[in-house]
Every structure is written in structure tokens, then in C-alpha cells.
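Written below as C-alpha cells is the structure these notes are about.
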4 protein chains.
Amino acid sequence: MEKNRLEAFSDGVLAIIITIMILELKQPVGDSIGDLFKLAPTILAYILSFAFIAIYWVNHHSIFHDAETVNVKILWCNIAWLFTMSFIPFATAWVGTYPKSWVPLSLYFADMSLACITFHLMYYLIFKETHPDKKFRLGISNYISLATYFLAAWLGGLCPIAAFIIVAVVSCWWIFPQKRQNS
Amino acid sequence: MEKNRLEAFSDGVLAIIITIMILELKQPVGDSIGDLFKLAPTILAYILSFAFIAIYWVNHHSIFHDAETVNVKILWCNIAWLFTMSFIPFATAWVGTYPKSWVPLSLYFADMSLACITFHLMYYLIFKETHPDKKFRLGISNYISLATYFLAAWLGGLCPIAAFIIVAVVSCWWIFPQKRQNS
Amino acid sequence: MEKNRLEAFSDGVLAIIITIMILELKQPVGDSIGDLFKLAPTILAYILSFAFIAIYWVNHHSIFHDAETVNVKILWCNIAWLFTMSFIPFATAWVGTYPKSWVPLSLYFADMSLACITFHLMYYLIFKETHPDKKFRLGISNYISLATYFLAAWLGGLCPIAAFIIVAVVSCWWIFPQKRQNS
Amino acid sequence: MEKNRLEAFSDGVLAIIITIMILELKQPVGDSIGDLFKLAPTILAYILSFAFIAIYWVNHHSIFHDAETVNVKILWCNIAWLFTMSFIPFATAWVGTYPKSWVPLSLYFADMSLACITFHLMYYLIFKETHPDKKFRLGISNYISLATYFLAAWLGGLCPIAAFIIVAVVSCWWIFPQKRQNS
């Protein structure tokens, strides 16, 4: 399997996910500024999910940059990761409708956790393929990210606003692809 | 016709099919875990169809790997196959709504049969184009797959759960692209 | 402008058009074979439009095959053509709902006429760019196609079935990209 | 980051945006020509937005043509620009429903302003990356465009028709990618 076709397929799926979310944004029921503001939670959830997917797209490129070839394990790990990403519009829409409810929030952050776990697994598999003789080490930022999404899924319902802010701050670390500790 | 543009177009169509299925997943009507579980049949049908399309994508790449050029027969066989794939979201949504009804299940598995038949036809055409002097032979796994989808379309309504499990197990064989018997 | 990016963008738009049409296919209201058959006009309109777009995709590739560079005129003609193609799902859905009504049929075939005209204009512009010193001639099949779509738009309402059959037969000529008279 | 993958991702997102807008076009409620004309404002808004996105696509290609590499600033500026573009279907649908209301019009033109600002910022960043020693200058047409979108967002509600015509005329300047004053 060549890297290019996998990248192109992943880009295609991400491009569609990032744009179909806007279809969940129903137009306001009236023509006043108040009608627009009633959609605020949905719009906010959309913006967060857009940023989340964009950050992953940048980092996806980053971890595949050094890869020469793609083995079957990486291929299916990538598909599993795309699957978790494809649930984001569904979870985003549900959170947008019930922005303060425990279950939608848990599903939203649990999906982010799974995306984060499969992404790190993919990172590990690519590293092993590219540098078979080096030792794979994650940085502290990787552990914090994994823990944050995991905790947000379990405790997010306690204080939704806090959960969103903490996840947003932690996600910001990934805007600039991490310098990898191993290379 | 160059192979690259056909692959890119097929990837584009598959990427869209795999992601628009999520649009069929309406958000739950409430915010409790029970409301989420009510969607279980739809979510399960979605997961199966996602895996089904992903497996085809991997195998599509596999059979086109050796192809040098693409003739008009292969081109139109590929379009016919994409057509059967494009019906999967429609059949998936119908099965998700009536998970135990005979007709939706038959349509779902009949569409999978057609996808399997056109795919094998495409495999045959590519093989003849690439190795004009070799004899084309299918493995036992190919015959079992064709028979399974066909039987599921006719008998799936007898016991939907069994049909799903058998089809899922048979599909698993295709997760790792078959070593081709002929090459 | 390089040819590759224009081809990739066109392929992307066509891939989306061809797959979002399936979203217009609402699932049947019941779970019987009769409920499925009630959707027959919509499904038929979908199949015709799918074939129509696939045929154009093949021919689009064919006319761009010889092109070396793409000037601004070709670029905008291509965008105008994509615009007419993007109306096909809209017209298809309307025809599917009112399969025997005059206005939806006229809109459907008028859109096909416009697609055909812009496509031939693009063919002319590419020919002039690639062979500036040769004379551009259309074959008899080109004139018949243009006339058929045009007549179908004006007279299709008289006998919808006949219009569909004639258009389908004429479109079949384009399944195999025409040998160009000029080259 | 290589330029190609960023271009392909942007093209993918634009191709989806330009085609999903048609999904907002609900089919007419009847089968007469009058039912079609009732959709006129929505269809007009669709055509304008289609042209708007197509013009940006052409200019996007134009400003990336000279770029050799893409740094992180350009990458995120591109994502921010794609975000503003992804709001166009939402704003288009709202304007189509309330074509004479102040707030939808302001949102529509404000989104266009933001798209224009992020696009010019991207143009600046690419210029600085490609020609680090040259001075960046915008032409008069750039300033007029920025001012037009900005004024339309603030004053468009006074006379919607005038706002649409002025914006359309100013946008026409961009059909042919500007000769850049600096190169």
C-alpha cells in the first residue's frame, strides 16, 4: 500500500466530515439576531469540532511525513481512527441540542478519547515501521491529552463549561505539530 | 485512461459514501442513555456498512495494484460497482429502521451480492488485461463469499441475527487482501 | 493553471454530485416490497442520472486527455459545466416526485441540454488550445445529442416515457468516448 | 508541509461546500412553473454563492502557484479561511429564506468579509514566504473589494438589491486572477 493513496483517502473523509457538520446547522427559525443567538450552542459545538478535526488533520500529516510505506496494521488503524472521526458530527449535533446534559457530553468526549487512542496507536505503529530499532517514547503532552479526554468523558457532565474549556486548552497544544521526542 | 484518475475518483466516491451514511444517523430524541440505545440497530447497521466499505476500499487498492492501464471495460465495471456501493447507505438506513423485516434485509444483502459480483468481474477483467496469457482462477474463499451474500439475500429474513453474523465472519476474511492464487 | 488540479476538482465535484443524489432517496415508509416499488420512479430517475454523470465523467477525461495546459476560458467553461451538473440532483428529485409532469421534465432535460452545450464549448476551447492550426468539426453524433436534449426539453411532457427512452438511447452512444473526427 | 496536500484538502473542502449547497435547495412543492419561481430567491442565492466559491477557488490556485513550501502560519490561515467558506451554505440558506431581512444579509456579507480578510492575510503570508526581501503591496482592487464586503455587511439591509448588485460587480473583477503588482 502506498502512503499517497491512504493520505488522499483520509483527507477526503476528513474534508467531508468537516463540511457535512455544517449541514447539521439548521437555519434560524426567524430573521432576527435573537433567532441567530438561539443557535449559539450548536454553532459553538460546530466551531470546536471544526478546530478539533483541523488539528488532527495537521497532526495526521505530521506523523505520516516520515513514513515510507504503510503496512496492513497501520492501514486498519487509520480506518478505525477515521471511524471515530466520522462519529464527531453525530456527537456534535447531539451536544448542540442538549449542551448541558451528561450523556451527550460523555459520548462526545468518549469519542474524542477513542480518536486520541487510535491516533496514538497509529503513531506508534508508524514509528515502529520507520525506525524498527529505536525505542518509542511519548512526551508528557501526549499523556496529558489522553488523560484529559478520558476524564472529560467521565466527569464532563459535572461542569460542562469547565470540560469544554479544559479540552480546548489541551487541544491547543496540538495546533503546532509536536516536535517528536524520538527523532 | 490512466489508473490514477480512476483510483482517485473511486476513492472520492467511497469516501463520500462512507461519511454520508452518518447523516442517516438522526440524533437521539432525548438526552438519556436510553435514547441513545434506542438507536442501537441503526448504529450497528452503520458500523457494519462502514466496515464493509472499508474492506472493499482496501481490496480495491489491492486488485488495482498490478494494473498498468485501464481499458473501457474495466472503467465501466468499476462504475457499475460504485453504483452498487452507492446504494449501501439507502439499504443501511432501511435495515436500521426495520432490523427484523424480510424485504429490507434481502435488499441489503442483494446489494452486497451485486457489489461482490461486479467486484469479482472487475478483478477478472484486470487480471486478463495484466496477464493476458495466464489462466484466471478464483480461490475457495471467493466462492464462499459469493455464495454467502447470495444466500443471505434469499434466506436472511429467516433469522436476521444469524445472517448478520455469518456475513460479518465471511467478510472478515477480506480484511487482509487475499494472496492471489494466480500470481 | 495546471490540468491536474482542474481534473481533480472536477472529479471531486462529480463524485459528490453522484453520491449525494442517493440522499434524495428517502427510505420506504414501510417494510414490504410494495413500499419499495412505490419508490420506483425516484429510483429510476436516480439510475438515469447516475449513468448520465458517469458518462460525462468518462468523456470529460477523454477531452482533457490531449490538453497540455488549461487557459482561463477553459477553466470558467468547466466551472459553468460543473454548475449545470450540480443542478441534476435537484431536477432528478423533482422528476422523481412528479414523473409525468411537464415542468419538472422540461427543467430536467433543459439542464441536460445546458450541460451538453457547455461541454461541447469546452471541447471546442480545448481543441483550439491544443491544435491552434486545425479546423474544429463536430461529428453527426454530437449534433444528434444536442438536438435530442433540446427537443426533450420542449416536447418531453407530451410523452415522458418516450422522452426518457430516446434520451437514454442517445446517451448510450457516449458510453465509449467518441473517436474524435479531428485528431 | 507540502503544498500539494494542502491544495488537495482545500479543493476537497471547496468541492463539498459548492455541491452541498444544492442540498439546501428543497424541491418545489408542486409541479407547475409557478412553484419553481417561488424558489427564485433561494436559487439566486445559490447561483451567487456558487460563483463566489468558484472565484475563490481560481484565486486560491493563483496565490499558491508561486509558493514553494507552506509554513504553519499559512497552513492555519488556510484553515481559518476554509472555516469562513464553510459558513457560506448556512448563510446562503438563511438569505434564501429571508431575502430582504437585515440580519441574514449582514451575516452573509460579514462572512464574505471575513473570507476576504483571511484570504488576503494568506496572500500576504505566502508572499513573505516566497519573496522574503520584497515589499508587499496590495492593488486598488484589493482595497475596493475589502471595503465593499465590509460596507455590504453594515449597510446591505438598507437596499438588499443594490448590495447584491454591487457585490456581484466587485466580485467580477476576481474572475480573472489579478496580475500581482509585486511580482
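A note on labels: chains of the C-alpha cells are A, B, ... as shown, every chain counts residues from 1, and ligands are counted from 1 in their shown order.
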- Message: Residues near Ala152 (chain D), anyone? I mean within 9 Å using only C-alpha atoms, not counting same-chain ones fewer than 6 positions away, as a ChimeraX atom specification.
- Response: /D:105-106,109-110,113,160,163-164,166-167
Pose of chain D fitted onto chain A, C-alpha LSQ, given as a short mmCIF file (atom, residue, chain, number, x, y, z; two decimals) with C-alpha atoms, in the first residue's frame:
```
data_model
loop_
_atom_site.label_atom_id
_atom_site.label_comp_id
_atom_site.auth_asym_id
_atom_site.auth_seq_id
_atom_site.Cartn_x
_atom_site.Cartn_y
_atom_site.Cartn_z
CA MET D 1 0.01 0.00 0.05
CA GLU D 2 1.39 3.35 -0.94
CA LYS D 3 1.28 6.23 1.52
CA ASN D 4 -0.22 8.64 -1.02
CA ARG D 5 -3.48 6.85 -1.60
CA LEU D 6 -4.04 6.37 2.14
CA GLU D 7 -3.36 10.08 2.75
CA ALA D 8 -5.67 11.12 -0.09
CA PHE D 9 -8.49 8.86 1.19
CA SER D 10 -8.05 10.15 4.76
CA ASP D 11 -8.04 13.74 3.53
CA GLY D 12 -11.20 13.06 1.55
CA VAL D 13 -13.01 11.59 4.55
CA LEU D 14 -11.84 14.43 6.84
CA ALA D 15 -12.82 17.08 4.27
CA ILE D 16 -16.31 15.58 4.08
CA ILE D 17 -16.69 15.23 7.86
CA ILE D 18 -15.57 18.83 8.43
CA THR D 19 -18.06 20.17 5.88
CA ILE D 20 -21.09 17.97 6.44
CA MET D 21 -21.22 19.13 10.05
CA ILE D 22 -22.46 22.44 8.69
CA LEU D 23 -25.50 20.58 7.34
CA GLU D 24 -26.50 19.94 10.96
CA LEU D 25 -26.69 23.70 11.38
CA LYS D 26 -30.36 24.26 10.59
CA GLN D 27 -31.10 27.85 9.59
CA PRO D 28 -32.63 30.06 12.33
CA VAL D 29 -36.42 29.96 12.57
CA GLY D 30 -36.77 33.74 12.21
CA ASP D 31 -34.80 36.62 10.71
CA SER D 32 -33.75 38.49 13.86
CA ILE D 33 -30.42 38.51 15.67
CA GLY D 34 -32.15 36.76 18.58
CA ASP D 35 -33.05 33.82 16.35
CA LEU D 36 -29.41 33.55 15.39
CA PHE D 37 -28.26 33.64 19.02
CA LYS D 38 -30.63 30.79 19.89
CA LEU D 39 -28.35 28.64 17.74
CA ALA D 40 -25.28 29.70 19.76
CA PRO D 41 -24.66 26.30 21.46
CA THR D 42 -24.88 24.48 18.12
CA ILE D 43 -22.61 27.00 16.41
CA LEU D 44 -20.11 26.78 19.28
CA ALA D 45 -20.11 22.97 19.14
CA TYR D 46 -19.57 23.25 15.38
CA ILE D 47 -16.59 25.59 15.79
CA LEU D 48 -14.98 23.32 18.41
CA SER D 49 -15.44 20.22 16.26
CA PHE D 50 -14.13 22.05 13.18
CA ALA D 51 -10.99 23.05 15.11
CA PHE D 52 -10.65 19.54 16.55
CA ILE D 53 -10.75 17.91 13.10
CA ALA D 54 -8.42 20.54 11.60
CA ILE D 55 -5.87 19.93 14.38
CA TYR D 56 -6.01 16.19 13.72
CA TRP D 57 -5.61 16.75 10.01
CA VAL D 58 -2.40 18.75 10.63
CA ASN D 59 -1.04 16.13 13.03
CA HIS D 60 -2.07 13.28 10.72
CA HIS D 61 0.09 14.81 8.06
CA SER D 62 2.88 15.24 10.60
CA ILE D 63 3.04 11.60 11.72
CA PHE D 64 2.82 10.29 8.14
CA HIS D 65 5.54 12.64 6.96
CA ASP D 66 8.41 10.28 7.82
CA ALA D 67 6.59 7.09 6.86
CA GLU D 68 7.91 5.38 3.77
CA THR D 69 5.49 2.51 3.41
CA VAL D 70 2.20 1.67 5.04
CA ASN D 71 1.63 -1.87 6.30
CA VAL D 72 -1.74 -3.52 6.86
CA LYS D 73 -1.76 -2.76 10.60
CA ILE D 74 -1.28 0.97 10.00
CA LEU D 75 -3.93 0.84 7.27
CA TRP D 76 -6.61 -0.62 9.53
CA CYS D 77 -5.61 1.54 12.46
CA ASN D 78 -6.12 4.52 10.17
CA ILE D 79 -9.56 3.23 9.19
CA ALA D 80 -10.51 2.73 12.85
CA TRP D 81 -9.39 6.29 13.56
CA LEU D 82 -11.44 7.62 10.62
CA PHE D 83 -14.41 5.72 12.05
CA THR D 84 -14.13 7.53 15.39
CA MET D 85 -13.76 10.82 13.48
CA SER D 86 -16.90 10.07 11.46
CA PHE D 87 -18.93 9.98 14.69
CA ILE D 88 -17.99 13.55 15.57
CA PRO D 89 -20.79 15.22 13.53
CA PHE D 90 -23.33 12.90 15.22
CA ALA D 91 -22.00 13.65 18.72
CA THR D 92 -21.64 17.36 17.89
CA ALA D 93 -25.28 17.61 16.83
CA TRP D 94 -26.43 15.87 20.00
CA VAL D 95 -24.31 18.10 22.25
CA GLY D 96 -25.57 21.14 20.33
CA THR D 97 -29.17 20.19 21.17
CA TYR D 98 -28.55 19.28 24.83
CA PRO D 99 -25.45 21.34 25.72
CA LYS D 100 -25.73 20.70 29.47
CA SER D 101 -26.75 17.03 29.54
CA TRP D 102 -24.45 14.35 30.93
CA VAL D 103 -24.90 11.57 28.34
CA PRO D 104 -24.36 13.59 25.12
CA LEU D 105 -21.29 15.23 26.67
CA SER D 106 -19.87 11.85 27.74
CA LEU D 107 -20.43 10.42 24.27
CA TYR D 108 -18.77 13.47 22.70
CA PHE D 109 -15.66 13.29 24.88
CA ALA D 110 -15.56 9.47 24.80
CA ASP D 111 -15.45 9.66 21.02
CA MET D 112 -12.61 12.18 21.30
CA SER D 113 -10.80 9.78 23.66
CA LEU D 114 -11.13 6.93 21.18
CA ALA D 115 -9.90 9.18 18.37
CA CYS D 116 -6.91 10.13 20.54
CA ILE D 117 -6.13 6.50 21.44
CA THR D 118 -6.33 5.17 17.88
CA PHE D 119 -4.29 8.15 16.68
CA HIS D 120 -1.51 7.41 19.20
CA LEU D 121 -1.63 3.72 18.29
CA MET D 122 -1.18 4.72 14.64
CA TYR D 123 1.71 6.99 15.63
CA TYR D 124 3.31 4.03 17.45
CA LEU D 125 2.82 1.66 14.49
CA ILE D 126 4.30 4.16 12.03
CA PHE D 127 7.25 4.78 14.33
CA LYS D 128 7.95 1.06 14.65
CA GLU D 129 7.72 0.66 10.85
CA THR D 130 10.02 3.60 10.14
CA HIS D 131 12.55 3.21 12.94
CA PRO D 132 12.43 -0.51 13.84
CA ASP D 133 15.49 -0.23 16.07
CA LYS D 134 14.56 2.85 18.09
CA LYS D 135 12.62 2.95 21.33
CA PHE D 136 9.18 4.61 21.15
CA ARG D 137 8.53 7.22 23.84
CA LEU D 138 5.56 9.52 24.27
CA GLY D 139 6.02 13.03 25.66
CA ILE D 140 4.26 14.40 28.72
CA SER D 141 1.85 16.31 26.45
CA ASN D 142 0.64 13.05 24.92
CA TYR D 143 -0.20 11.61 28.35
CA ILE D 144 -1.95 14.81 29.42
CA SER D 145 -4.08 14.79 26.26
CA LEU D 146 -5.11 11.17 26.68
CA ALA D 147 -5.94 11.76 30.36
CA THR D 148 -7.88 14.96 29.63
CA TYR D 149 -10.20 13.42 27.04
CA PHE D 150 -10.69 10.39 29.28
CA LEU D 151 -11.56 12.48 32.34
CA ALA D 152 -13.81 14.78 30.31
CA ALA D 153 -15.79 11.73 29.18
CA TRP D 154 -16.30 10.61 32.80
CA LEU D 155 -16.63 13.93 34.59
CA GLY D 156 -17.67 16.37 31.85
CA GLY D 157 -21.29 16.30 32.97
CA LEU D 158 -20.33 17.79 36.37
CA CYS D 159 -19.46 21.12 34.83
CA PRO D 160 -19.83 21.21 31.03
CA ILE D 161 -18.30 24.68 30.63
CA ALA D 162 -15.17 23.68 32.53
CA ALA D 163 -14.87 20.46 30.52
CA PHE D 164 -15.08 22.35 27.23
CA ILE D 165 -12.51 24.96 28.32
CA ILE D 166 -10.01 22.37 29.60
CA VAL D 167 -10.35 20.24 26.45
CA ALA D 168 -9.98 23.33 24.25
CA VAL D 169 -6.84 24.45 26.10
CA VAL D 170 -5.27 20.98 25.92
CA SER D 171 -6.15 20.70 22.24
CA CYS D 172 -4.34 23.99 21.58
CA TRP D 173 -1.05 22.23 22.30
CA TRP D 174 -1.59 20.27 19.13
CA ILE D 175 -2.06 23.25 16.83
CA PHE D 176 1.64 23.13 16.14
CA PRO D 177 2.60 19.51 15.47
CA GLN D 178 4.72 18.30 18.36
CA LYS D 179 8.39 17.95 17.91
CA ARG D 180 8.76 14.25 18.32
CA GLN D 181 10.92 13.21 21.26
CA ASN D 182 12.25 10.17 19.50
CA SER D 183 13.60 11.55 16.28
#
```
